[in-house]
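Participant: One file: entry_4.csv (CSV, C-alpha atoms).
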```csv
chain,number,residue,atom,x,y,z
A,535,MET,CA,19.9,-12.1,-3.9
A,536,ALA,CA,20.7,-9.5,-1.2
A,537,GLY,CA,17.8,-7.4,-2.2
A,538,PHE,CA,15.4,-10.3,-2.1
A,539,LEU,CA,16.6,-11.5,1.3
A,540,LYS,CA,16.4,-7.9,2.7
A,541,ASP,CA,12.8,-7.5,1.5
A,542,MET,CA,11.9,-10.9,3.0
A,543,ALA,CA,13.5,-10.0,6.3
A,544,LYS,CA,11.3,-6.8,6.4
A,545,VAL,CA,8.2,-8.8,5.7
A,546,ALA,CA,9.0,-11.4,8.3
A,547,LYS,CA,9.8,-8.8,11.0
A,548,ARG,CA,6.5,-7.0,10.3
A,549,THR,CA,4.2,-10.0,10.2
A,550,PHE,CA,5.9,-12.2,12.8
A,551,PRO,CA,4.1,-10.8,15.8
A,552,GLU,CA,0.7,-11.7,14.4
A,553,TRP,CA,1.9,-15.2,13.4
A,554,HIS,CA,3.5,-15.7,16.8
A,555,LYS,CA,0.3,-14.6,18.6
A,556,THR,CA,-1.7,-17.2,16.6
A,557,LEU,CA,0.8,-19.9,17.2
A,558,THR,CA,1.0,-19.3,20.9
A,559,ALA,CA,-2.8,-19.1,21.3
A,560,GLY,CA,-3.2,-22.5,19.8
A,561,ILE,CA,-0.5,-24.1,21.8
A,562,GLU,CA,-1.7,-22.6,25.1
A,563,GLU,CA,-5.1,-24.1,24.6
A,564,CYS,CA,-3.6,-27.5,24.7
A,565,PRO,CA,-3.2,-29.4,28.1
A,566,LEU,CA,0.6,-29.2,28.2
A,567,GLY,CA,2.9,-29.4,31.2
A,568,TYR,CA,5.5,-26.7,31.8
A,569,ASP,CA,8.3,-28.7,30.1
A,570,GLN,CA,6.2,-29.6,27.1
A,571,ARG,CA,5.1,-26.0,26.6
A,572,ARG,CA,8.6,-24.8,26.9
A,573,ALA,CA,9.9,-27.4,24.5
A,574,VAL,CA,7.5,-26.0,21.8
A,575,LEU,CA,7.5,-22.2,22.4
A,576,GLU,CA,10.7,-21.3,24.2
A,577,VAL,CA,13.5,-23.6,23.1
A,578,HIS,CA,13.1,-23.0,19.4
A,579,PRO,CA,14.1,-19.7,17.6
A,580,LEU,CA,10.6,-19.1,16.4
A,581,ASP,CA,11.4,-15.8,14.6
A,582,ASP,CA,14.2,-17.6,12.6
A,583,TYR,CA,11.8,-20.4,11.7
A,584,TYR,CA,9.2,-17.9,10.5
A,585,PHE,CA,11.8,-16.0,8.4
A,586,ALA,CA,12.9,-19.3,6.8
A,587,GLY,CA,9.2,-19.9,6.0
A,588,VAL,CA,8.8,-16.5,4.4
A,589,VAL,CA,12.0,-17.0,2.3
A,590,ALA,CA,11.1,-20.5,1.2
A,591,LEU,CA,7.6,-19.7,0.2
A,592,GLU,CA,8.9,-17.2,-2.4
A,593,ALA,CA,12.1,-19.0,-3.3
A,594,ALA,CA,10.2,-22.2,-4.2
A,595,LYS,CA,9.2,-20.3,-7.4
A,596,LEU,CA,12.8,-20.1,-8.7
A,597,LYS,CA,12.8,-23.4,-10.5
A,598,LEU,CA,9.5,-22.5,-12.2
A,599,LEU,CA,10.6,-19.1,-13.4
A,600,PHE,CA,14.2,-19.6,-14.5
A,601,ALA,CA,16.2,-22.0,-16.6
A,602,PRO,CA,17.7,-24.9,-14.6
A,603,ASP,CA,21.3,-23.5,-14.5
A,604,ALA,CA,20.1,-20.0,-13.5
A,605,ALA,CA,17.8,-21.4,-10.8
A,606,ALA,CA,20.6,-23.5,-9.4
A,607,GLU,CA,22.9,-20.6,-9.2
A,608,LEU,CA,20.3,-18.5,-7.5
A,609,MET,CA,19.6,-21.3,-5.0
A,610,SER,CA,23.3,-21.5,-4.3
A,611,GLN,CA,23.4,-17.8,-3.5
A,612,LEU,CA,20.4,-18.2,-1.3
A,613,GLY,CA,22.1,-20.9,0.7
A,614,GLU,CA,25.3,-18.9,1.1
A,615,GLN,CA,23.5,-15.7,2.3
A,616,VAL,CA,20.3,-16.4,4.1
A,617,ASP,CA,21.9,-17.4,7.5
A,618,ALA,CA,23.9,-14.3,7.7
A,619,VAL,CA,20.8,-12.2,7.0
A,620,ALA,CA,19.2,-14.0,9.9
A,621,ASP,CA,22.3,-13.1,12.0
A,622,ARG,CA,23.1,-16.8,12.6
A,623,GLY,CA,26.5,-18.5,12.5
A,624,ASP,CA,25.0,-21.9,11.9
A,625,ARG,CA,22.8,-23.3,9.1
A,626,VAL,CA,19.5,-23.5,11.0
A,627,VAL,CA,17.7,-21.1,8.7
A,628,SER,CA,19.2,-22.3,5.4
A,629,ASP,CA,18.5,-26.0,6.2
A,630,LEU,CA,14.9,-25.2,7.0
A,631,VAL,CA,14.5,-23.1,3.9
A,632,PHE,CA,15.6,-25.9,1.6
A,633,PHE,CA,13.6,-28.5,3.6
A,634,ILE,CA,10.5,-26.4,3.1
A,635,ILE,CA,11.2,-25.7,-0.6
A,636,GLY,CA,11.4,-29.5,-1.1
A,637,ARG,CA,8.1,-30.0,0.7
A,638,VAL,CA,6.4,-27.3,-1.4
A,639,GLU,CA,7.8,-28.7,-4.7
A,640,VAL,CA,6.7,-32.3,-3.8
A,641,SER,CA,3.2,-31.2,-2.6
A,642,SER,CA,2.7,-29.1,-5.8
A,643,ALA,CA,3.7,-32.0,-8.0
A,644,ILE,CA,1.2,-34.3,-6.3
A,645,ASP,CA,-1.7,-32.0,-5.6
A,646,GLN,CA,-1.9,-28.6,-7.2
A,647,GLN,CA,-4.8,-27.7,-4.9
A,648,LYS,CA,-2.6,-27.7,-1.8
A,649,MET,CA,-1.5,-24.2,-1.0
A,650,PRO,CA,2.3,-23.6,-0.6
A,651,TYR,CA,1.8,-21.5,2.5
A,652,ASP,CA,0.0,-24.4,4.2
A,653,GLN,CA,3.0,-26.6,3.5
A,654,VAL,CA,5.2,-23.9,5.1
A,655,VAL,CA,3.0,-23.9,8.2
A,656,LYS,CA,3.0,-27.7,8.4
A,657,ALA,CA,6.8,-27.9,8.1
A,658,ILE,CA,7.3,-25.3,10.9
A,659,LEU,CA,4.9,-27.1,13.2
A,660,GLN,CA,6.7,-30.3,12.6
A,661,ARG,CA,10.0,-28.6,13.3
A,662,LEU,CA,8.5,-27.5,16.7
A,663,GLY,CA,7.5,-31.1,17.4
A,664,VAL,CA,3.8,-30.3,17.5
A,665,ASP,CA,3.1,-33.6,15.7
A,666,LYS,CA,5.0,-35.6,18.3
A,667,ILE,CA,3.2,-34.5,21.4
A,668,GLU,CA,-0.2,-36.1,22.1
A,669,ALA,CA,-1.7,-32.9,23.5
A,670,THR,CA,-0.8,-30.9,20.4
A,671,GLU,CA,-0.8,-33.3,17.5
A,672,HIS,CA,-4.5,-32.5,16.6
A,673,LEU,CA,-3.3,-29.0,15.6
A,674,MET,CA,-1.6,-30.6,12.6
A,675,THR,CA,-5.0,-31.4,11.1
A,676,GLU,CA,-7.1,-28.4,12.4
A,677,ILE,CA,-7.8,-26.6,9.1
A,678,LEU,CA,-8.9,-23.3,10.7
A,679,TYR,CA,-5.8,-23.2,12.9
A,680,ARG,CA,-3.4,-23.8,10.1
A,681,HIS,CA,-5.3,-21.4,7.9
A,682,SER,CA,-4.9,-18.7,10.6
A,683,LEU,CA,-1.2,-19.4,10.8
A,684,GLY,CA,-0.9,-19.3,7.0
A,685,GLN,CA,-2.8,-16.1,6.5
A,686,PRO,CA,0.2,-13.7,7.0
A,687,LEU,CA,2.2,-15.8,4.5
A,688,ALA,CA,-0.6,-15.9,2.0
A,689,LEU,CA,-1.4,-12.2,2.2
A,690,GLU,CA,1.8,-10.4,3.1
A,691,VAL,CA,4.6,-12.1,1.2
A,692,PRO,CA,5.1,-10.3,-2.1
A,693,HIS,CA,5.5,-12.1,-5.4
A,694,TRP,CA,9.1,-10.9,-5.5
A,695,TRP,CA,10.6,-12.9,-8.3
A,696,THR,CA,7.5,-12.7,-10.5
A,697,ASN,CA,7.4,-8.9,-10.1
A,698,LEU,CA,11.1,-8.7,-10.8
A,699,GLN,CA,10.7,-10.6,-14.1
A,700,LYS,CA,8.2,-8.1,-15.3
A,701,LYS,CA,10.7,-5.3,-14.8
A,702,TYR,CA,14.0,-6.6,-16.1
A,703,ARG,CA,15.6,-8.8,-18.7
A,704,LEU,CA,18.8,-10.9,-18.2
A,705,ALA,CA,21.9,-8.9,-19.5
A,706,ASP,CA,25.6,-8.9,-19.2
A,707,VAL,CA,26.6,-6.6,-16.3
A,708,GLN,CA,29.6,-6.0,-14.2
A,709,GLU,CA,29.2,-6.2,-10.5
A,710,GLU,CA,30.4,-2.6,-10.0
A,711,GLU,CA,27.9,-1.3,-12.5
A,712,LEU,CA,24.8,-2.8,-10.9
A,713,PRO,CA,22.7,0.2,-10.0
A,714,ALA,CA,19.7,-1.2,-8.1
A,715,GLN,CA,19.3,-2.9,-4.7
A,716,GLU,CA,17.4,-5.7,-6.4
A,717,THR,CA,20.6,-7.0,-8.0
A,718,ILE,CA,21.9,-10.5,-8.4
A,719,VAL,CA,25.2,-11.5,-9.9
A,720,VAL,CA,24.7,-14.2,-12.5
A,721,SER,CA,27.6,-15.8,-14.2
A,722,ALA,CA,28.4,-15.5,-17.9
A,723,ALA,CA,27.8,-19.3,-18.3
A,724,VAL,CA,24.4,-19.1,-16.8
A,725,GLN,CA,23.5,-16.0,-18.9
A,726,GLN,CA,24.5,-17.9,-22.1
A,727,GLN,CA,22.4,-20.9,-21.0
A,728,VAL,CA,19.4,-18.6,-20.6
A,729,ARG,CA,20.0,-17.0,-24.0
A,730,ARG,CA,19.8,-20.4,-25.6
A,731,LYS,CA,16.4,-21.0,-23.9
A,732,PRO,CA,14.6,-17.6,-24.0
A,733,ARG,CA,12.2,-17.0,-21.1
A,734,ARG,CA,10.4,-14.1,-19.5
A,735,ALA,CA,13.5,-13.5,-17.4
A,736,VAL,CA,15.3,-10.7,-16.1
A,737,ALA,CA,18.2,-8.5,-15.7
A,738,PHE,CA,19.9,-8.4,-12.4
```
Re-express the file's structure as structure tokens.

Facilitator:
Amino acid sequence: MAGFLKDMAKVAKRTFPEWHKTLTAGIEECPLGYDQRRAVLEVHPLDDYYFAGVVALEAAKLKLLFAPDAAAELMSQLGEQVDAVADRGDRVVSDLVFFIIGRVEVSSAIDQQKMPYDQVVKAILQRLGVDKIEATEHLMTEILYRHSLGQPLALEVPHWWTNLQKKYRLADVQEEELPAQETIVVSAAVQQQVRRKPRRAVAF
């Protein structure tokens, strides 16, 4: 999991400026007072919200790619590590990650035409309170604006878990023997569960 989060942090750091510029431009076009503008753009940790969106967009695939027990263990590792990677002592990032994952899963189950990255954008805008301010609520339904906000997510976030599956198979390994940075510790119980249900899955 450390390798995944490290790579997502790099992506978020590289693409955040473009995303932040687009977000700010849309908000500044709205007739907001000083306090309202500050409430949206200055009070919230925007870079942490964006990082959570990047992580959630890719982590939402775990339940599709792995057996239930393996996916659950990976989700647990994600929850334990993601806040520290964001250099936070609270659960702001992890709570938002799992909130977004839930939104993506529900949306995909209802309408497969809805793009996961758009659900990420919508969730972040709601966390900023954009939908609760009369002057900004129209941004929630402006397709071009949300598409622009979603573009870095759609184009820049790598298919990390899918690509990893293509390279590795699940195997018994000892933590001290793990050679690669893209390494996840999976318990013997979960490995046994995956062996009973063969999949295109992966050695960590």

Participant: When distances are computed from only C-alpha atoms, which of A:Leu698, A:Val664, A:Val589, A:Leu689 shows the smallest separation from A:Ala573?

Facilitator: A:Val664

Participant: With distances taken over only C-alpha atoms, which residue among A:Asp652, A:Asp582, A:Glu576, A:Asp665 lies nearest A:Asp629?

Facilitator: A:Asp582

Participant: Hey, can you check how far atom CA of A:Trp694 sits from atom CA of A:Val626?

Facilitator: 23.2 Å

Participant: Using all atoms listed in the file, find the one residue out of A:Leu673, A:Ala593, A:Ile561, A:Ser610 that sits nearest to A:Phe538.

Facilitator: A:Ala593

Participant: One decimal, Å: what's the distance from atom CA of A:Gly684 over to atom CA of A:Leu659, could you say?

Facilitator: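 About the pair atom CA of A:Gly684 and atom CA of A:Leu659: they are 11.5 Å apart.
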
Participant: Measuring atom to atom with all atoms listed in the file, identify which of A:Asn697, A:Gln685, A:Ala669, A:Leu678 is nearest to A:Gln570.

Facilitator: A:Ala669

Participant: Which is closest to A:Asp617 among A:Leu630, A:Val545, A:Val638, A:Leu596, if we use only C-alpha atoms?

Facilitator: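 Going through A:Leu630, A:Val545, A:Val638, A:Leu596 one by one, the smallest distance to A:Asp617 is for A:Leu630.
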
Participant: Calculate how many Å separate atom CA of A:Leu612 from atom CA of A:Asp581, rounding to one decimal.

Facilitator: 18.4 Å

Participant: So, with all atoms listed in the file as the atoms that count, which of A:Met674, A:Val654, A:Ile667, A:Ala594 lies closest to A:Thr696?

Facilitator: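 Closest to A:Thr696 of all the choices is A:Ala594.
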
Participant: Might you pull out every residue within 12 Å of A:Val627, with all atoms listed in the file counted and same-chain residues fewer than 2 positions away left off, and present them as a PDB file with C-alpha atoms, in the coordinates of the input?

Facilitator:
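What landed in selection-v8.pdb:
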```
ATOM      1  CA  HIS A 578      13.100 -23.000  19.400  1.00  0.00           C
ATOM      2  CA  PRO A 579      14.100 -19.700  17.600  1.00  0.00           C
ATOM      3  CA  LEU A 580      10.600 -19.100  16.400  1.00  0.00           C
ATOM      4  CA  ASP A 581      11.400 -15.800  14.600  1.00  0.00           C
ATOM      5  CA  ASP A 582      14.200 -17.600  12.600  1.00  0.00           C
ATOM      6  CA  TYR A 583      11.800 -20.400  11.700  1.00  0.00           C
ATOM      7  CA  TYR A 584       9.200 -17.900  10.500  1.00  0.00           C
ATOM      8  CA  PHE A 585      11.800 -16.000   8.400  1.00  0.00           C
ATOM      9  CA  ALA A 586      12.900 -19.300   6.800  1.00  0.00           C
ATOM     10  CA  GLY A 587       9.200 -19.900   6.000  1.00  0.00           C
ATOM     11  CA  VAL A 588       8.800 -16.500   4.400  1.00  0.00           C
ATOM     12  CA  VAL A 589      12.000 -17.000   2.300  1.00  0.00           C
ATOM     13  CA  ALA A 590      11.100 -20.500   1.200  1.00  0.00           C
ATOM     14  CA  LEU A 612      20.400 -18.200  -1.300  1.00  0.00           C
ATOM     15  CA  GLY A 613      22.100 -20.900   0.700  1.00  0.00           C
ATOM     16  CA  GLU A 614      25.300 -18.900   1.100  1.00  0.00           C
ATOM     17  CA  GLN A 615      23.500 -15.700   2.300  1.00  0.00           C
ATOM     18  CA  VAL A 616      20.300 -16.400   4.100  1.00  0.00           C
ATOM     19  CA  ASP A 617      21.900 -17.400   7.500  1.00  0.00           C
ATOM     20  CA  ALA A 618      23.900 -14.300   7.700  1.00  0.00           C
ATOM     21  CA  VAL A 619      20.800 -12.200   7.000  1.00  0.00           C
ATOM     22  CA  ALA A 620      19.200 -14.000   9.900  1.00  0.00           C
ATOM     23  CA  ASP A 621      22.300 -13.100  12.000  1.00  0.00           C
ATOM     24  CA  ARG A 622      23.100 -16.800  12.600  1.00  0.00           C
ATOM     25  CA  GLY A 623      26.500 -18.500  12.500  1.00  0.00           C
ATOM     26  CA  ASP A 624      25.000 -21.900  11.900  1.00  0.00           C
ATOM     27  CA  ARG A 625      22.800 -23.300   9.100  1.00  0.00           C
ATOM     28  CA  ASP A 629      18.500 -26.000   6.200  1.00  0.00           C
ATOM     29  CA  LEU A 630      14.900 -25.200   7.000  1.00  0.00           C
ATOM     30  CA  VAL A 631      14.500 -23.100   3.900  1.00  0.00           C
ATOM     31  CA  PHE A 632      15.600 -25.900   1.600  1.00  0.00           C
ATOM     32  CA  PHE A 633      13.600 -28.500   3.600  1.00  0.00           C
ATOM     33  CA  ILE A 634      10.500 -26.400   3.100  1.00  0.00           C
ATOM     34  CA  ILE A 658       7.300 -25.300  10.900  1.00  0.00           C
ATOM     35  CA  ARG A 661      10.000 -28.600  13.300  1.00  0.00           C
TER      36      ARG A 661
END
```

Participant: List as a count of residues only the protein and nucleic acid residues near A:Val640, meaning an atom at most 12 Å away when all atoms listed in the file are counted, but skip any in the same chain fewer than 5 places from it.

Facilitator: 10
